[in-house]
$ cat query-v1.txt   # compact mmCIF, C-alpha atoms
# COMPACT_ATOMS: atom_id res chain seq x y z
CA MET D 1 -20.30 -55.17 -10.07
CA THR D 2 -22.28 -51.96 -10.12
CA MET D 3 -24.83 -50.81 -12.66
CA VAL D 4 -23.86 -47.30 -13.71
CA ASN D 5 -26.46 -45.11 -15.41
CA LEU D 6 -25.44 -41.70 -16.63
CA THR D 7 -25.87 -39.26 -19.46
CA LEU D 8 -22.83 -39.23 -21.72
CA ASN D 9 -22.70 -36.40 -24.26
CA GLY D 10 -26.47 -36.10 -24.08
CA LYS D 11 -27.14 -39.82 -24.50
CA GLN D 12 -28.42 -42.07 -21.72
CA VAL D 13 -25.97 -44.94 -21.17
CA SER D 14 -25.89 -47.86 -18.73
CA ALA D 15 -23.35 -50.57 -18.05
CA ASP D 16 -22.61 -53.10 -15.36
CA VAL D 17 -18.97 -52.55 -14.40
CA PRO D 18 -16.63 -53.61 -11.59
CA ASP D 19 -16.95 -51.31 -8.58
CA ASN D 20 -13.36 -50.11 -8.91
CA THR D 21 -13.90 -48.82 -12.46
CA LEU D 22 -12.69 -45.27 -12.81
CA LEU D 23 -14.87 -42.85 -14.74
CA VAL D 24 -12.16 -42.48 -17.38
CA THR D 25 -12.05 -46.26 -17.85
CA PHE D 26 -15.83 -46.31 -18.18
CA ILE D 27 -15.65 -43.58 -20.83
CA ARG D 28 -12.74 -45.02 -22.80
CA GLU D 29 -13.12 -48.77 -22.48
CA THR D 30 -16.76 -49.42 -21.68
CA MET D 31 -18.17 -46.69 -23.92
CA GLY D 32 -15.35 -46.61 -26.48
CA LEU D 33 -14.84 -42.85 -26.43
CA THR D 34 -11.07 -42.52 -26.53
CA GLY D 35 -10.83 -38.74 -26.87
CA THR D 36 -10.44 -38.46 -23.11
CA HIS D 37 -6.83 -39.32 -22.35
CA VAL D 38 -4.84 -40.81 -19.48
CA GLY D 39 -1.46 -39.15 -19.27
CA CYS D 40 -0.32 -40.11 -15.79
CA ASP D 41 -1.29 -42.35 -12.91
CA THR D 42 -0.92 -39.77 -10.19
CA SER D 43 -3.93 -37.52 -10.90
CA GLN D 44 -1.68 -34.62 -11.82
CA CYS D 45 -1.73 -34.23 -15.61
CA GLY D 46 -5.34 -33.34 -16.39
CA ALA D 47 -5.46 -35.07 -19.80
CA CYS D 48 -8.58 -36.86 -18.52
CA VAL D 49 -10.61 -33.75 -17.65
CA VAL D 50 -14.29 -34.04 -18.52
CA HIS D 51 -17.33 -32.10 -17.36
CA VAL D 52 -19.53 -33.72 -14.73
CA ASP D 53 -22.76 -31.79 -14.35
CA GLY D 54 -21.06 -28.86 -16.03
CA GLU D 55 -17.93 -28.78 -13.84
CA SER D 56 -14.45 -29.89 -14.81
CA GLN D 57 -13.32 -33.06 -13.07
CA LYS D 58 -10.39 -35.39 -13.47
CA SER D 59 -12.15 -38.53 -14.65
CA CYS D 60 -9.16 -40.64 -13.56
CA THR D 61 -9.79 -39.63 -9.96
CA MET D 62 -13.42 -40.52 -9.52
CA LEU D 63 -15.21 -43.81 -9.73
CA ALA D 64 -17.74 -44.39 -12.48
CA ALA D 65 -20.18 -45.43 -9.76
CA ALA D 66 -19.85 -41.98 -8.18
CA ALA D 67 -21.09 -40.44 -11.45
CA GLU D 68 -24.40 -42.31 -11.18
CA GLY D 69 -27.16 -40.09 -12.53
CA ALA D 70 -24.75 -37.37 -13.62
CA SER D 71 -24.45 -35.67 -16.97
CA VAL D 72 -20.94 -36.22 -18.33
CA THR D 73 -19.53 -34.32 -21.30
CA THR D 74 -16.31 -35.35 -23.01
CA ILE D 75 -14.29 -33.77 -25.81
CA GLU D 76 -16.44 -35.75 -28.29
CA GLY D 77 -19.55 -34.01 -27.02
CA ILE D 78 -18.76 -30.34 -27.47
CA ALA D 79 -18.74 -29.82 -31.24
CA ASN D 80 -21.99 -28.99 -33.02
CA GLY D 81 -22.05 -31.53 -35.82
CA ASP D 82 -19.16 -30.66 -38.12
CA SER D 83 -18.66 -27.25 -36.51
CA LEU D 84 -15.97 -27.30 -33.87
CA HIS D 85 -16.72 -25.77 -30.49
CA PRO D 86 -15.30 -22.20 -30.45
CA MET D 87 -12.61 -23.31 -28.00
CA GLN D 88 -11.60 -26.19 -30.27
CA GLN D 89 -11.55 -23.78 -33.22
CA ALA D 90 -9.36 -21.38 -31.24
CA PHE D 91 -6.86 -24.14 -30.40
CA HIS D 92 -6.84 -25.07 -34.11
CA GLU D 93 -6.26 -21.53 -35.32
CA ASN D 94 -3.65 -20.63 -32.71
CA HIS D 95 -1.76 -23.90 -32.87
CA GLY D 96 -2.53 -24.52 -29.21
CA LEU D 97 -0.88 -27.89 -29.26
CA GLN D 98 2.26 -29.71 -30.21
CA CYS D 99 1.74 -33.45 -29.82
CA GLY D 100 -1.92 -32.96 -28.92
CA PHE D 101 -2.06 -35.49 -26.10
CA CYS D 102 -3.04 -32.97 -23.42
CA THR D 103 -5.43 -31.08 -25.72
CA PRO D 104 -8.72 -32.75 -24.77
CA GLY D 105 -8.17 -31.94 -21.11
CA MET D 106 -6.93 -28.44 -21.89
CA VAL D 107 -10.00 -27.69 -23.98
CA MET D 108 -12.42 -29.05 -21.38
CA SER D 109 -10.73 -27.10 -18.56
CA ALA D 110 -10.61 -23.97 -20.71
CA ILE D 111 -14.32 -24.12 -21.52
CA GLU D 112 -15.27 -24.26 -17.84
CA LEU D 113 -12.76 -21.53 -17.05
CA VAL D 114 -14.33 -19.21 -19.63
CA GLN D 115 -17.88 -20.10 -18.58
CA ASP D 116 -16.98 -18.91 -15.06
CA ASN D 117 -14.92 -15.96 -16.20
CA PRO D 118 -15.84 -14.82 -19.72
CA ASN D 119 -12.90 -12.45 -20.07
CA PRO D 120 -9.93 -13.98 -18.25
CA SER D 121 -6.54 -12.30 -18.05
CA GLU D 122 -3.42 -14.19 -19.04
CA ALA D 123 -2.62 -14.75 -15.37
CA GLU D 124 -6.12 -16.08 -14.71
CA ILE D 125 -5.81 -18.47 -17.64
CA ARG D 126 -2.47 -19.78 -16.44
CA GLU D 127 -3.85 -20.18 -12.91
CA GLY D 128 -7.01 -21.81 -14.26
CA LEU D 129 -5.00 -24.39 -16.20
CA GLU D 130 -2.78 -25.39 -13.27
CA GLY D 131 -4.39 -28.82 -13.27
CA ASN D 132 -3.39 -29.48 -16.87
CA ILE D 133 0.16 -30.37 -17.84
CA CYS D 134 1.52 -30.06 -21.38
CA ARG D 135 4.59 -32.22 -21.63
CA CYS D 136 5.61 -30.43 -24.83
CA THR D 137 5.57 -27.25 -22.69
CA GLY D 138 3.43 -25.56 -25.32
CA TYR D 139 1.74 -23.33 -22.80
CA HIS D 140 2.31 -20.09 -24.65
CA ASN D 141 0.06 -20.95 -27.57
CA ILE D 142 -2.39 -22.71 -25.29
CA VAL D 143 -2.88 -19.47 -23.35
CA LYS D 144 -3.23 -17.61 -26.64
CA SER D 145 -5.82 -20.15 -27.76
CA VAL D 146 -7.85 -19.76 -24.58
CA GLN D 147 -7.78 -15.98 -24.94
CA ALA D 148 -9.05 -16.32 -28.52
CA GLY D 149 -11.55 -18.99 -27.49
CA ALA D 150 -12.92 -16.74 -24.77
CA LYS D 151 -13.56 -14.02 -27.37
CA MET D 152 -15.17 -16.50 -29.74
CA MET D 153 -17.38 -17.79 -26.92
CA GLY D 154 -18.67 -14.27 -26.51
CA GLY D 155 -16.49 -12.85 -23.72
CA MET T 1 -6.49 -50.62 -8.41
CA HIS T 2 -7.42 -53.60 -6.27
CA HIS T 3 -10.99 -54.78 -6.19
CA THR T 4 -13.31 -52.88 -3.90
CA THR T 5 -17.00 -52.79 -3.15
CA TYR T 6 -18.65 -49.40 -3.58
CA VAL T 7 -21.61 -48.42 -1.46
CA ARG T 8 -23.35 -45.11 -1.09
CA ALA T 9 -24.33 -44.14 2.46
CA GLY T 10 -27.72 -42.50 2.80
CA SER T 11 -27.04 -40.74 6.09
CA THR T 12 -24.36 -40.15 8.70
CA ASP T 13 -25.75 -43.02 10.82
CA ASP T 14 -25.67 -45.31 7.79
CA ALA T 15 -22.07 -44.31 7.03
CA VAL T 16 -20.97 -44.90 10.62
CA ALA T 17 -22.64 -48.33 10.65
CA ARG T 18 -20.87 -49.28 7.44
CA MET T 19 -17.59 -47.98 8.84
CA ALA T 20 -18.09 -50.27 11.85
CA ASP T 21 -18.26 -53.14 9.35
CA GLY T 22 -14.84 -52.18 8.03
CA GLY T 23 -15.84 -49.69 5.36
CA GLN T 24 -13.48 -46.90 4.32
CA LEU T 25 -15.18 -43.52 4.07
CA LEU T 26 -14.91 -41.79 0.68
CA ALA T 27 -15.39 -38.02 0.58
CA GLY T 28 -14.01 -36.22 -2.48
CA GLY T 29 -11.40 -38.93 -2.96
CA MET T 30 -8.68 -36.51 -4.02
CA THR T 31 -6.17 -38.37 -1.87
CA LEU T 32 -7.85 -41.73 -1.41
CA ILE T 33 -8.43 -42.57 -5.09
CA PRO T 34 -4.84 -41.76 -6.17
CA THR T 35 -3.61 -43.76 -3.17
CA MET T 36 -5.75 -46.72 -4.25
CA LYS T 37 -4.51 -46.36 -7.84
CA GLN T 38 -0.95 -46.66 -6.53
CA ARG T 39 -2.10 -49.73 -4.54
CA LEU T 40 -0.95 -48.07 -1.36
CA ALA T 41 -4.48 -48.53 -0.03
CA SER T 42 -6.87 -51.36 -0.80
CA PRO T 43 -10.07 -50.95 1.19
CA GLU T 44 -12.52 -53.82 0.77
CA THR T 45 -15.46 -51.45 0.95
CA LEU T 46 -15.72 -47.79 -0.01
CA VAL T 47 -18.52 -45.84 1.64
CA ASP T 48 -19.36 -42.79 -0.47
CA LEU T 49 -20.60 -39.89 1.66
CA ALA T 50 -21.96 -37.86 -1.27
CA GLY T 51 -25.54 -38.69 -0.39
CA CYS T 52 -25.37 -37.93 3.35
CA GLY T 53 -26.46 -34.31 3.09
CA LEU T 54 -23.26 -32.99 4.65
CA ALA T 55 -22.54 -30.16 2.19
CA GLY T 56 -23.35 -26.55 2.95
CA ILE T 57 -22.21 -23.43 4.78
CA GLU T 58 -24.19 -21.86 7.62
CA ASP T 59 -23.95 -18.56 9.46
CA GLU T 60 -24.03 -19.21 13.20
CA GLY T 61 -23.59 -15.67 14.49
CA ASP T 62 -20.03 -15.51 15.79
CA SER T 63 -18.93 -18.43 13.66
CA ILE T 64 -19.54 -20.19 10.39
CA ARG T 65 -20.18 -23.91 10.09
CA ILE T 66 -19.02 -25.74 6.98
CA GLY T 67 -20.44 -29.19 6.29
CA ALA T 68 -17.86 -31.95 5.91
CA MET T 69 -18.71 -32.62 2.26
CA THR T 70 -18.46 -28.98 1.21
CA ARG T 71 -16.01 -28.69 -1.66
CA HIS T 72 -13.06 -26.32 -1.75
CA ALA T 73 -14.55 -24.45 -4.73
CA ASP T 74 -17.76 -23.82 -2.77
CA VAL T 75 -15.86 -22.49 0.25
CA ALA T 76 -13.70 -20.29 -1.98
CA GLY T 77 -16.73 -18.91 -3.81
CA SER T 78 -18.99 -18.44 -0.79
CA ASP T 79 -20.06 -14.85 -0.11
CA LEU T 80 -20.49 -15.77 3.55
CA VAL T 81 -16.96 -17.15 3.93
CA GLN T 82 -15.47 -14.31 1.90
CA THR T 83 -17.09 -11.85 4.31
CA ALA T 84 -16.76 -13.70 7.62
CA VAL T 85 -13.30 -15.27 7.24
CA PRO T 86 -11.77 -13.98 4.00
CA ALA T 87 -8.46 -15.73 4.70
CA LEU T 88 -10.28 -19.07 4.77
CA ALA T 89 -11.94 -18.44 1.40
CA ALA T 90 -8.56 -17.49 -0.05
CA LEU T 91 -6.95 -20.62 1.38
CA ALA T 92 -9.64 -22.86 -0.14
CA GLY T 93 -9.19 -21.11 -3.49
CA GLY T 94 -5.50 -21.97 -3.49
CA ILE T 95 -5.76 -25.70 -2.78
CA GLY T 96 -4.47 -27.98 -5.53
CA ASP T 97 -5.91 -27.03 -8.89
CA ARG T 98 -9.33 -26.23 -10.28
CA GLN T 99 -10.37 -29.86 -10.63
CA VAL T 100 -9.22 -30.75 -7.12
CA ARG T 101 -11.24 -27.82 -5.78
CA ASN T 102 -14.27 -29.02 -7.74
CA ARG T 103 -14.26 -32.34 -5.91
CA GLY T 104 -12.10 -32.24 -2.77
CA THR T 105 -13.87 -31.61 0.54
CA ILE T 106 -13.00 -29.93 3.82
CA GLY T 107 -13.99 -33.01 5.83
CA GLY T 108 -11.77 -35.27 3.78
CA SER T 109 -8.81 -32.94 4.05
CA VAL T 110 -9.14 -32.43 7.79
CA ALA T 111 -9.72 -36.13 8.52
CA ASN T 112 -6.69 -37.14 6.46
CA ASN T 113 -4.43 -34.59 8.20
CA ASP T 114 -1.84 -34.72 5.46
CA PRO T 115 1.24 -32.90 6.83
CA SER T 116 1.31 -30.72 3.70
CA ALA T 117 -2.41 -30.00 3.36
CA CYS T 118 -3.71 -26.44 3.66
CA TYR T 119 -6.93 -26.85 5.63
CA PRO T 120 -5.37 -28.15 8.87
CA ALA T 121 -3.47 -24.84 9.13
CA ALA T 122 -6.76 -22.91 8.96
CA VAL T 123 -8.51 -25.14 11.50
CA LEU T 124 -5.62 -24.85 13.95
CA GLY T 125 -4.75 -21.23 13.16
CA LEU T 126 -8.31 -20.02 13.60
CA GLY T 127 -8.97 -22.23 16.62
CA GLY T 128 -11.83 -23.97 14.86
CA THR T 129 -13.98 -26.82 16.08
CA VAL T 130 -14.34 -30.20 14.41
CA HIS T 131 -17.85 -31.62 14.74
CA THR T 132 -18.31 -35.37 14.52
CA ASN T 133 -21.19 -37.80 14.85
CA LYS T 134 -20.22 -38.13 18.54
CA ARG T 135 -18.81 -34.85 19.84
CA ASP T 136 -17.17 -31.50 19.19
CA ILE T 137 -13.37 -31.48 19.18
CA ALA T 138 -11.31 -28.29 19.60
CA ALA T 139 -8.65 -27.82 16.94
CA ASP T 140 -5.91 -27.93 19.58
CA ASP T 141 -7.01 -31.46 20.50
CA PHE T 142 -7.76 -32.73 17.02
CA PHE T 143 -4.45 -32.99 15.13
CA THR T 144 -2.35 -35.59 16.93
CA GLY T 145 0.43 -36.35 14.44
CA MET T 146 1.27 -36.95 10.80
CA PHE T 147 -1.89 -38.37 9.17
CA GLU T 148 -3.27 -38.86 12.69
CA THR T 149 -6.22 -37.25 14.41
CA ALA T 150 -8.27 -37.64 17.57
CA LEU T 151 -11.04 -39.36 15.59
CA ASP T 152 -12.09 -42.73 17.01
CA GLU T 153 -12.51 -45.79 14.80
CA ASP T 154 -16.27 -45.28 14.72
CA GLU T 155 -16.22 -41.52 14.36
CA MET T 156 -16.62 -39.31 11.32
CA ILE T 157 -16.47 -35.56 10.76
CA THR T 158 -19.82 -33.96 10.00
CA ALA T 159 -18.77 -30.29 9.93
CA VAL T 160 -16.04 -27.82 10.86
CA SER T 161 -16.74 -24.45 12.52
CA PHE T 162 -14.58 -21.34 12.37
CA PRO T 163 -14.88 -18.16 14.41
CA LYS T 164 -15.48 -15.10 12.27
CA THR T 165 -12.08 -13.48 11.96
CA GLY T 166 -11.21 -10.57 9.75
CA LYS T 167 -7.58 -10.20 10.79
CA ALA T 168 -6.08 -13.37 9.42
CA ALA T 169 -4.03 -14.53 6.47
CA TYR T 170 -2.63 -17.69 4.95
CA VAL T 171 0.50 -17.69 2.85
CA LYS T 172 1.71 -20.81 1.13
CA PHE T 173 5.02 -21.66 -0.47
CA PRO T 174 3.73 -24.33 -2.80
CA ASN T 175 5.61 -27.25 -4.18
CA PRO T 176 5.55 -26.28 -7.86
CA ALA T 177 4.53 -29.76 -9.02
CA SER T 178 1.93 -30.84 -6.50
CA ARG T 179 0.69 -27.47 -5.16
CA TYR T 180 0.88 -28.93 -1.68
CA ALA T 181 2.47 -26.64 0.87
CA MET T 182 6.23 -26.90 1.26
CA VAL T 183 5.47 -24.46 4.03
CA GLY T 184 2.16 -22.78 4.73
CA VAL T 185 1.46 -20.40 7.59
CA PHE T 186 -1.97 -19.36 8.83
CA VAL T 187 -1.94 -16.46 11.27
CA ALA T 188 -5.02 -15.04 12.98
CA SER T 189 -5.41 -12.27 15.48
CA GLY T 190 -8.59 -12.50 17.51
CA ALA T 191 -10.02 -11.71 20.93
CA ASP T 192 -7.92 -14.43 22.55
CA GLY T 193 -4.68 -13.23 21.02
CA THR T 194 -2.65 -14.45 18.10
CA ARG T 195 -2.63 -17.98 16.76
CA LEU T 196 -0.04 -19.06 14.20
CA ALA T 197 -0.22 -22.50 12.64
CA VAL T 198 2.31 -24.04 10.26
CA THR T 199 1.63 -26.78 7.73
CA GLY T 200 3.91 -28.57 5.27
CA ALA T 201 6.93 -28.38 7.49
CA GLY T 202 6.54 -30.19 10.80
CA SER T 203 7.50 -33.85 11.02
CA ASP T 204 4.48 -34.35 13.31
CA GLY T 205 2.18 -32.50 10.94
CA VAL T 206 0.52 -29.13 11.49
CA PHE T 207 1.70 -27.24 14.59
CA ARG T 208 1.45 -23.90 16.40
CA HIS T 209 4.57 -21.89 17.06
CA ALA T 210 4.35 -20.55 20.62
CA ASP T 211 7.34 -18.20 20.43
CA MET T 212 6.02 -16.52 17.31
CA GLU T 213 2.55 -16.18 18.85
CA ALA T 214 4.05 -14.56 21.95
CA ALA T 215 6.11 -12.16 19.85
CA LEU T 216 3.07 -11.19 17.81
CA ASP T 217 0.97 -10.71 20.95
CA ALA T 218 3.61 -8.25 22.14
CA SER T 219 3.72 -6.48 18.78
CA PHE T 220 1.77 -7.61 15.75
CA SER T 221 4.25 -6.91 12.98
CA ALA T 222 6.40 -8.98 10.64
CA ASP T 223 9.55 -7.53 12.20
CA SER T 224 8.59 -9.08 15.54
CA LEU T 225 9.46 -12.47 14.10
CA ASP T 226 13.07 -11.57 13.29
CA GLY T 227 15.47 -13.82 15.10
CA ILE T 228 12.87 -16.27 16.40
CA ALA T 229 14.31 -19.76 16.22
CA VAL T 230 12.61 -22.55 14.28
CA ASP T 231 14.02 -25.96 15.12
CA ALA T 232 15.24 -27.65 11.92
CA ASP T 233 15.28 -31.02 13.70
CA GLU T 234 11.51 -30.88 13.98
CA MET T 235 11.04 -30.20 10.27
CA ILE T 236 10.33 -32.63 7.44
CA SER T 237 13.47 -33.25 5.42
CA ASP T 238 12.94 -34.83 2.00
CA ILE T 239 13.86 -34.58 -1.69
CA HIS T 240 11.94 -31.31 -1.98
CA ALA T 241 13.66 -29.43 0.85
CA SER T 242 15.97 -30.02 3.78
CA GLY T 243 14.89 -29.41 7.34
CA ASP T 244 17.13 -26.33 7.49
CA TYR T 245 15.51 -24.87 4.39
CA ARG T 246 12.01 -25.53 5.68
CA ALA T 247 12.90 -23.96 9.05
CA HIS T 248 14.07 -20.85 7.21
CA LEU T 249 10.91 -20.83 5.11
CA VAL T 250 8.67 -21.11 8.18
CA ARG T 251 9.90 -17.81 9.58
CA GLU T 252 9.94 -16.10 6.18
CA ILE T 253 6.44 -17.24 5.23
CA ALA T 254 5.17 -16.38 8.72
CA LYS T 255 6.44 -12.84 8.21
CA ARG T 256 4.65 -12.61 4.87
CA ALA T 257 1.45 -13.92 6.45
CA VAL T 258 1.61 -11.31 9.22
CA ALA T 259 2.30 -8.59 6.65
CA ALA T 260 -0.74 -9.78 4.67
CA CYS T 261 -3.13 -9.43 7.63
$ encode --input "query-v1.txt" --output "structure tokens"
Amino acid sequence: MTMVNLTLNGKQVSADVPDNTLLVTFIRETMGLTGTHVGCDTSQCGACVVHVDGESQKSCTMLAAAAEGASVTTIEGIANGDSLHPMQQAFHENHGLQCGFCTPGMVMSAIELVQDNPNPSEAEIREGLEGNICRCTGYHNIVKSVQAGAKMMGG
Amino acid sequence: MHHTTYVRAGSTDDAVARMADGGQLLAGGMTLIPTMKQRLASPETLVDLAGCGLAGIEDEGDSIRIGAMTRHADVAGSDLVQTAVPALAALAGGIGDRQVRNRGTIGGSVANNDPSACYPAAVLGLGGTVHTNKRDIAADDFFTGMFETALDEDEMITAVSFPKTGKAAYVKFPNPASRYAMVGVFVASGADGTRLAVTGAGSDGVFRHADMEAALDASFSADSLDGIAVDADEMISDIHASGDYRAHLVREIAKRAVAAC
């Protein structure tokens, strides 16, 4: 067992977990935040993307123990009270989802993408979302959402 | 995933000592963790190298030295790499996806020597040097076969050096699902002539193609590669592509890499 201490959505959390606990398991099962999804077991789908110290990471492909001391932000941590994050609002307004399963990862990847590149082209958005798979193949509206989200975030 | 014990090494010496006790080194984990999830690997002890101080990029005059734990995103975004070896920065920026580049490391990629990984092509194509806790290993001596390297049991990579090279390019034909190279060619033209390394295709892993290098030394142009034979029997043949197809791609991608120089 390993004691993991990290900041989750701005709150200090600690738990003693088996060493082989993945960060996504820690988030979903230990901490009960189920907005972060697991869509595959091969590290390819990106439904589990969270921010670790401000950078997008696949939480299914790192151990919780490796996030010791880090600041982790999940989809639950980006809204401001009842106001959606601009990227969430953009996905809502542009119907950037069909079944919605991939959405948490898409939104988290998109936010980092826009933070790095405030005014991305369509090609840059598609390239930036290569690590996120939408099984409904709803990419068209997802790209539209990210373009709108980038504008709403101030790009 | 099977049970494992996670430890964090505090230094290279600490990591090597733990490796001697049977520990499996963990760099970015972009291959190792998925492999463990599939239960294809079940190390009893994982030794995380994140705290060993092995990340960073240094200017060493004629070459650049990249610490083993330097992530792909940091190589891709480095002003120094973009200036000194732009083809290397571009290669790092095309590995996997954004999240892989935010965590995967050069040391992990080179040590794993996946036959479809991008970095081995750069190390071999540029004639780089692999630095370990024990010695310096020339690229030509480092990659010894599929997933095999010259590293001893008690040896770990600490850094990789690359000569500054402006005339170089890497072109990848990516597998559309995994982004690994179906075929990737790194070509570099330096003081010692042309080096051309191929990843993704060879059944023994990354390799140099002597006939293409000779043709490019005679005349550095894509047309020089017309008609040069690539042996399909030495290619990987799998569900993604036959050996014949990969052999064809090797010459085609090599031509594109030369044209991109």
$ residues_near_point --input "query-v1.txt" --point "(-12.5, -42.6, -6.5)" --cutoff "9 Å" --atoms "all atoms listed in the file" --output "list in words"
Asn20, Thr21, Leu22, Leu23, Cys60, Thr61, Met62, Leu63, Ala64, Ala65 and Ala66 of chain D; Leu26, Ala27, Gly28, Gly29, Met30, Thr31, Leu32, Ile33, Pro34, Met36, Lys37 and Leu46 of chain T
$ residues_around --input "query-v1.txt" --residues "Lys151 of chain D" --least-positions-apart "2" --cutoff "12 Å" --atoms "only C-alpha atoms" --output "short mmCIF file (atom, residue, chain, number, x, y, z; two decimals) with C-alpha atoms, keeping the file's coordinate frame"
data_model
loop_
_atom_site.label_atom_id
_atom_site.label_comp_id
_atom_site.auth_asym_id
_atom_site.auth_seq_id
_atom_site.Cartn_x
_atom_site.Cartn_y
_atom_site.Cartn_z
CA PRO D 86 -15.30 -22.20 -30.45
CA MET D 87 -12.61 -23.31 -28.00
CA GLN D 89 -11.55 -23.78 -33.22
CA ALA D 90 -9.36 -21.38 -31.24
CA ILE D 111 -14.32 -24.12 -21.52
CA VAL D 114 -14.33 -19.21 -19.63
CA GLN D 115 -17.88 -20.10 -18.58
CA ASN D 117 -14.92 -15.96 -16.20
CA PRO D 118 -15.84 -14.82 -19.72
CA ASN D 119 -12.90 -12.45 -20.07
CA PRO D 120 -9.93 -13.98 -18.25
CA SER D 121 -6.54 -12.30 -18.05
CA LYS D 144 -3.23 -17.61 -26.64
CA SER D 145 -5.82 -20.15 -27.76
CA VAL D 146 -7.85 -19.76 -24.58
CA GLN D 147 -7.78 -15.98 -24.94
CA ALA D 148 -9.05 -16.32 -28.52
CA GLY D 149 -11.55 -18.99 -27.49
CA MET D 153 -17.38 -17.79 -26.92
CA GLY D 154 -18.67 -14.27 -26.51
CA GLY D 155 -16.49 -12.85 -23.72
#
$ closest_atom_pairs --input "query-v1.txt" --of "chain T" --to "chain D" --cutoff "6 Å" --atoms "only C-alpha atoms" --output "tab-separated table"
residue	atom	partner	partner_atom	distance
T:His3	CA	D:Asn20	CA	5.9
T:Thr4	CA	D:Asn20	CA	5.7
T:Thr5	CA	D:Asp19	CA	5.6
T:Tyr6	CA	D:Asp19	CA	5.6
T:Ile33	CA	D:Thr61	CA	5.8
T:Pro34	CA	D:Thr42	CA	6.0
T:Asp97	CA	D:Gly131	CA	5.0
T:Gln99	CA	D:Gln57	CA	5.0
$ atom_distance --input "query-v1.txt" --atom1 "atom CA of Leu6 of chain D" --atom2 "atom CA of Arg8 of chain T"
16.0 Å
$ residues_around --input "query-v1.txt" --residues "Ala210 of chain T" --least-positions-apart "5" --cutoff "10 Å" --atoms "only C-alpha atoms" --output "MDAnalysis selection string"
chainID T and resid 194:197 215:216
$ atom_distance --input "query-v1.txt" --atom1 "atom CA of Cys52 of chain T" --atom2 "atom CA of Asn113 of chain T"
21.8 Å
$ residues_near_point --input "query-v1.txt" --point "(-9.9, -35.7, 17.1)" --cutoff "6 Å" --atoms "only C-alpha atoms" --output "list of chain:residue names"
T:Ile137, T:Phe142, T:Thr149, T:Ala150, T:Leu151
$ closest_residue --input "query-v1.txt" --among "T:Asp244, T:Asp48, T:Asp114, T:Asp79" --to "Gly200 of chain T" --atoms "all atoms listed in the file"
T:Asp114
$ atom_distance --input "query-v1.txt" --atom1 "atom CA of Lys255 of chain T" --atom2 "atom CA of Ala87 of chain T"
15.6 Å
$ residues_around --input "query-v1.txt" --residues "segment 79-81 of chain D" --least-positions-apart "6" --cutoff "12 Å" --atoms "only C-alpha atoms" --output "list in words"
Asn9, Thr73, Met87, Gln88, Gln89, Val107 and Met108 of chain D
$ write_last_selection --input "query-v1.txt" --atoms "C-alpha atoms" --output "short mmCIF file (atom, residue, chain, number, x, y, z; two decimals), keeping the file's coordinate frame"
data_model
loop_
_atom_site.label_atom_id
_atom_site.label_comp_id
_atom_site.auth_asym_id
_atom_site.auth_seq_id
_atom_site.Cartn_x
_atom_site.Cartn_y
_atom_site.Cartn_z
CA ASN D 9 -22.70 -36.40 -24.26
CA THR D 73 -19.53 -34.32 -21.30
CA MET D 87 -12.61 -23.31 -28.00
CA GLN D 88 -11.60 -26.19 -30.27
CA GLN D 89 -11.55 -23.78 -33.22
CA VAL D 107 -10.00 -27.69 -23.98
CA MET D 108 -12.42 -29.05 -21.38
#
$ residues_around --input "query-v1.txt" --residues "Val81 of chain T" --least-positions-apart "4" --cutoff "12 Å" --atoms "all atoms listed in the file" --output "MDAnalysis selection string"
chainID T and resid 56:60 63:66 72:77 85:93 161:166
$ write_last_selection --input "query-v1.txt" --atoms "C-alpha atoms" --output "compact mmCIF listing (two decimals), in the frame of the given file"
# COMPACT_ATOMS: atom_id res chain seq x y z
CA GLY T 56 -23.35 -26.55 2.95
CA ILE T 57 -22.21 -23.43 4.78
CA GLU T 58 -24.19 -21.86 7.62
CA ASP T 59 -23.95 -18.56 9.46
CA GLU T 60 -24.03 -19.21 13.20
CA SER T 63 -18.93 -18.43 13.66
CA ILE T 64 -19.54 -20.19 10.39
CA ARG T 65 -20.18 -23.91 10.09
CA ILE T 66 -19.02 -25.74 6.98
CA HIS T 72 -13.06 -26.32 -1.75
CA ALA T 73 -14.55 -24.45 -4.73
CA ASP T 74 -17.76 -23.82 -2.77
CA VAL T 75 -15.86 -22.49 0.25
CA ALA T 76 -13.70 -20.29 -1.98
CA GLY T 77 -16.73 -18.91 -3.81
CA VAL T 85 -13.30 -15.27 7.24
CA PRO T 86 -11.77 -13.98 4.00
CA ALA T 87 -8.46 -15.73 4.70
CA LEU T 88 -10.28 -19.07 4.77
CA ALA T 89 -11.94 -18.44 1.40
CA ALA T 90 -8.56 -17.49 -0.05
CA LEU T 91 -6.95 -20.62 1.38
CA ALA T 92 -9.64 -22.86 -0.14
CA GLY T 93 -9.19 -21.11 -3.49
CA SER T 161 -16.74 -24.45 12.52
CA PHE T 162 -14.58 -21.34 12.37
CA PRO T 163 -14.88 -18.16 14.41
CA LYS T 164 -15.48 -15.10 12.27
CA THR T 165 -12.08 -13.48 11.96
CA GLY T 166 -11.21 -10.57 9.75
$ closest_residue --input "query-v1.txt" --among "D:Glu29, D:Glu76, D:Asp16, D:Asp53" --to "Gly105 of chain D" --atoms "only C-alpha atoms"
D:Glu76
$ residues_around --input "query-v1.txt" --residues "Ile142 of chain D" --least-positions-apart "2" --cutoff "9 Å" --atoms "only C-alpha atoms" --output "PyMOL selection string"
chain D and resi 91+94-97+103+106+138-140+144-147
$ closest_residue --input "query-v1.txt" --among "D:Val4, D:Lys11, D:Cys48, D:Glu122" --to "Thr30 of chain D" --atoms "all atoms listed in the file"
D:Val4
